[in-house]
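Trainee: Sharing entry17.cif (mmCIF, C-alpha atoms) below.
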```cif
data_target
loop_
_atom_site.label_atom_id
_atom_site.label_comp_id
_atom_site.auth_asym_id
_atom_site.auth_seq_id
_atom_site.Cartn_x
_atom_site.Cartn_y
_atom_site.Cartn_z
CA MET A 1 2.42 26.07 -18.48
CA GLN A 2 5.61 26.74 -16.57
CA THR A 3 8.73 27.17 -18.58
CA ASN A 4 12.34 27.57 -17.69
CA THR A 5 12.73 31.28 -16.98
CA ASN A 6 15.97 30.95 -15.02
CA LYS A 7 13.85 30.20 -11.97
CA PRO A 8 15.40 27.44 -9.89
CA ALA A 9 13.76 24.04 -9.77
CA LEU A 10 13.51 22.39 -6.36
CA PHE A 11 14.75 18.84 -5.90
CA LEU A 12 14.31 16.71 -2.78
CA LYS A 13 17.18 14.26 -2.32
CA VAL A 14 16.82 11.39 0.13
CA VAL A 15 19.92 9.34 0.95
CA GLY A 16 19.63 5.73 2.07
CA LYS A 17 21.20 5.14 5.50
CA ILE A 18 22.65 1.75 4.61
CA THR A 19 23.62 2.11 0.94
CA GLY A 20 24.45 5.80 0.80
CA ARG A 21 22.73 5.90 -2.59
CA SER A 22 20.02 8.46 -3.23
CA THR A 23 16.56 9.01 -4.62
CA LEU A 24 15.67 12.35 -6.13
CA PHE A 25 12.11 13.72 -6.10
CA VAL A 26 11.26 16.25 -8.81
CA LYS A 27 7.94 17.93 -9.48
CA LEU A 28 6.72 17.16 -13.00
CA ASP A 29 6.16 20.87 -13.73
CA TYR A 30 9.88 21.57 -13.34
CA LEU A 31 11.17 18.86 -15.65
CA PHE A 32 8.37 18.27 -18.15
CA PRO A 33 5.76 21.08 -18.12
CA GLU A 34 4.63 20.16 -21.63
CA CYS A 35 2.70 17.17 -20.30
CA GLN A 36 0.19 19.30 -18.40
CA PHE A 37 -0.10 21.65 -21.37
CA LEU A 38 -0.79 18.85 -23.86
CA ILE A 39 -3.59 17.31 -21.80
CA ASN A 40 -5.09 20.53 -20.45
CA ASP A 41 -8.20 20.26 -22.66
CA LEU A 42 -8.78 16.59 -21.73
CA PRO A 43 -10.17 16.61 -18.16
CA LYS A 44 -10.22 12.82 -17.81
CA MET A 45 -6.60 12.40 -18.80
CA SER A 46 -3.92 12.40 -16.13
CA PRO A 47 -0.29 13.49 -16.48
CA LEU A 48 2.19 10.85 -17.60
CA ILE A 49 -0.64 8.51 -18.57
CA CYS A 50 1.68 7.17 -21.25
CA PHE A 51 3.49 5.18 -18.54
CA ARG A 52 0.28 3.66 -17.25
CA GLU A 53 -1.45 2.89 -20.53
CA ASN A 54 1.37 2.32 -23.04
CA GLY A 55 0.98 5.55 -24.92
CA CYS A 56 -0.70 8.91 -25.01
CA PRO A 57 -3.45 9.89 -27.44
CA ARG A 58 -1.53 13.11 -28.22
CA ASN A 59 1.20 11.03 -29.88
CA ARG A 60 3.92 13.70 -29.53
CA ASN A 61 6.96 11.53 -28.81
CA CYS A 62 6.99 12.84 -25.24
CA ILE A 63 8.73 9.83 -23.75
CA GLU A 64 11.90 10.37 -25.79
CA THR A 65 12.09 14.02 -24.71
CA LEU A 66 11.37 13.13 -21.09
CA HIS A 67 14.05 10.43 -21.03
CA LYS A 68 16.66 12.91 -22.30
CA ARG A 69 15.80 15.25 -19.45
CA VAL A 70 15.79 12.47 -16.86
CA ASN A 71 19.21 11.31 -18.09
CA CYS A 72 20.54 14.87 -17.79
CA ILE A 73 19.41 14.99 -14.16
CA LEU A 74 20.91 11.57 -13.42
CA ASP A 75 24.19 12.59 -15.08
CA THR A 76 24.31 15.66 -12.84
CA PHE A 77 23.48 13.85 -9.59
CA THR A 78 25.85 10.90 -9.90
CA ASP A 79 24.95 9.29 -6.57
CA VAL A 80 21.23 9.12 -7.43
CA ASP A 81 19.89 5.71 -8.40
CA HIS A 82 16.22 6.67 -8.70
CA LEU A 83 14.40 9.75 -9.92
CA ILE A 84 10.76 10.17 -8.98
CA LEU A 85 8.66 12.61 -11.00
CA TYR A 86 5.55 13.46 -9.00
CA PHE A 87 2.37 15.39 -9.75
CA LYS A 88 -1.10 16.11 -8.38
CA TYR A 89 -3.81 13.83 -9.61
CA ARG A 90 -6.82 15.65 -11.08
CA ASP A 91 -9.65 13.49 -9.78
CA ARG A 92 -8.50 13.26 -6.15
CA PRO A 93 -7.48 16.46 -4.39
CA GLY A 94 -4.48 15.90 -2.16
CA SER A 95 -3.50 12.73 -4.00
CA GLN A 96 -0.10 12.52 -5.64
CA ARG A 97 1.00 10.13 -8.34
CA ALA A 98 4.50 9.53 -9.59
CA VAL A 99 6.69 7.77 -12.09
CA LEU A 100 9.89 6.13 -10.88
CA PHE A 101 12.88 6.20 -13.23
CA TYR A 102 15.89 3.95 -12.63
CA ARG A 103 19.50 4.83 -13.39
CA ASP A 104 19.98 1.38 -14.96
CA GLU A 105 17.19 2.24 -17.44
CA ARG A 106 14.69 -0.41 -16.39
CA ASP A 107 11.13 0.35 -17.43
CA PRO A 108 9.74 3.27 -15.40
CA LYS A 109 7.05 2.47 -12.84
CA TYR A 110 3.82 4.49 -12.40
CA PHE A 111 2.45 4.51 -8.84
CA VAL A 112 0.49 6.37 -6.15
CA LEU A 113 2.76 8.36 -3.86
CA ASN A 114 2.02 7.39 -0.26
CA ARG A 115 1.28 10.56 1.73
CA CYS A 116 2.79 9.24 4.97
CA SER A 117 6.03 8.30 3.24
CA TRP A 118 6.09 11.62 1.41
CA ASP A 119 5.86 13.52 4.70
CA LYS A 120 8.71 11.44 6.13
CA PHE A 121 10.89 12.03 3.07
CA LYS A 122 10.37 15.79 3.32
CA HIS A 123 11.77 15.73 6.87
CA VAL A 124 14.84 13.57 6.21
CA GLY A 125 15.71 14.78 2.71
CA THR A 126 17.82 17.66 1.50
CA ILE A 127 16.34 20.29 -0.81
CA TYR A 128 18.43 21.49 -3.73
CA GLU A 129 17.78 24.42 -6.05
CA TRP A 130 19.02 24.22 -9.59
CA VAL A 131 18.35 26.34 -12.65
CA LEU A 132 17.86 23.75 -15.35
CA PRO A 133 19.86 24.46 -18.52
CA ASN A 134 17.85 26.04 -21.32
CA GLU A 135 19.29 23.46 -23.72
CA LEU A 136 17.26 20.85 -21.90
CA PHE A 137 14.06 22.53 -23.05
CA LEU A 138 15.18 23.89 -26.40
CA SER A 139 15.94 20.43 -27.76
CA ALA A 140 12.33 19.31 -27.29
CA LYS A 141 10.61 17.91 -30.36
CA ILE A 142 7.11 18.40 -28.96
CA SER A 143 4.88 20.70 -30.99
#
```
Will you turn the file into structure tokens for me?
Mentor:
Amino acid sequence: MQTNTNKPALFLKVVGKITGRSTLFVKLDYLFPECQFLINDLPKMSPLICFRENGCPRNRNCIETLHKRVNCILDTFTDVDHLILYFKYRDRPGSQRAVLFYRDERDPKYFVLNRCSWDKFKHVGTIYEWVLPNELFLSAKIS
């Protein structure tokens, strides 16, 4: 499990040409490494399954912790309307899944990340490095 060891997290920010508003892509391991840790012994379970199946069998109140961290990111990047947490999917090498969070706090959306779009975003986006505050991780209630 990765933890915050004052190592910068990488964020990919893509700005819309027409609206000027942004979408931020963040790897799940940077913002919520506990998810991988909690399901490590369950090979058929995927990360962030709680968003796809209305709950996780680990029952650790992960969503509340995750939302606090997402809100911290959105408060920092004020021009970002969407935050996409992405991760590798266990059963399909090369496949990426993601959960889309909205600034206006609509229900998050779980989806497959299109590889062609992902490649395009990497070329037009801007990469930011940020050392996430330790307080973000210390306030976790996950045991």
Trainee: Selection in question (the file shown): the PyMOL selection byres ((chain A and resi 57-72) around 9). Which residues does it include, as a PyMOL selection string?
Mentor: chain A and resi 31-32+34-35+38-39+50-51+55-56+73-77+83+101+103+136-137+139-143
Trainee: Expand the PyMOL selection byres ((chain A and resi 89) around 12) into the explicit residue set it covers here, and present it as a list in words.
Mentor: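 For this structure, the PyMOL selection byres ((chain A and resi 89) around 12) resolves to Leu28, Gln36, Pro43, Lys44, Met45, Ser46, Pro47, Leu48, Ile49, Tyr86, Phe87, Lys88, Arg90, Asp91, Arg92, Pro93, Gly94, Ser95, Gln96, Arg97, Ala98, Phe111, Val112 and Leu113 of chain A.
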Trainee: Which residue is closest to A:Glu53? Choose from A:Tyr128, A:Val80, A:Lys109, A:Lys27 and count only C-alpha atoms.
Mentor: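 Checking each of A:Tyr128, A:Val80, A:Lys109, A:Lys27 against A:Glu53, counting only C-alpha atoms, the winner is A:Lys109.
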Trainee: Mind giving me the straight-line distance from atom CA of A:Gly125 to atom CA of A:Ile84 in Å, one decimal?
Mentor: 13.5 Å
Trainee: What does the distance from atom CA of A:Lys13 to atom CA of A:Pro33 come to in Å, to one decimal?
Mentor: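 Separating atom CA of A:Lys13 from atom CA of A:Pro33 is a distance of 20.7 Å.
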Trainee: Going by the chain IDs and residue numbers used in this file, which residues fall under the PyMOL selection byres ((chain A and resi 15) around 9)? Write them as a PyMOL selection string.
Mentor: chain A and resi 13-14+16-24+80+124-126
Trainee: Would you save the residues from that selection as a PDB file, keeping the file's coordinate frame, using C-alpha atoms?
Mentor:
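File produced: selection-v4.pdb:
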```pdb
ATOM      1  CA  LYS A  13      17.180  14.260  -2.320  1.00  0.00           C
ATOM      2  CA  VAL A  14      16.820  11.390   0.130  1.00  0.00           C
ATOM      3  CA  GLY A  16      19.630   5.730   2.070  1.00  0.00           C
ATOM      4  CA  LYS A  17      21.200   5.140   5.500  1.00  0.00           C
ATOM      5  CA  ILE A  18      22.650   1.750   4.610  1.00  0.00           C
ATOM      6  CA  THR A  19      23.620   2.110   0.940  1.00  0.00           C
ATOM      7  CA  GLY A  20      24.450   5.800   0.800  1.00  0.00           C
ATOM      8  CA  ARG A  21      22.730   5.900  -2.590  1.00  0.00           C
ATOM      9  CA  SER A  22      20.020   8.460  -3.230  1.00  0.00           C
ATOM     10  CA  THR A  23      16.560   9.010  -4.620  1.00  0.00           C
ATOM     11  CA  LEU A  24      15.670  12.350  -6.130  1.00  0.00           C
ATOM     12  CA  VAL A  80      21.230   9.120  -7.430  1.00  0.00           C
ATOM     13  CA  VAL A 124      14.840  13.570   6.210  1.00  0.00           C
ATOM     14  CA  GLY A 125      15.710  14.780   2.710  1.00  0.00           C
ATOM     15  CA  THR A 126      17.820  17.660   1.500  1.00  0.00           C
TER      16      THR A 126
END
```
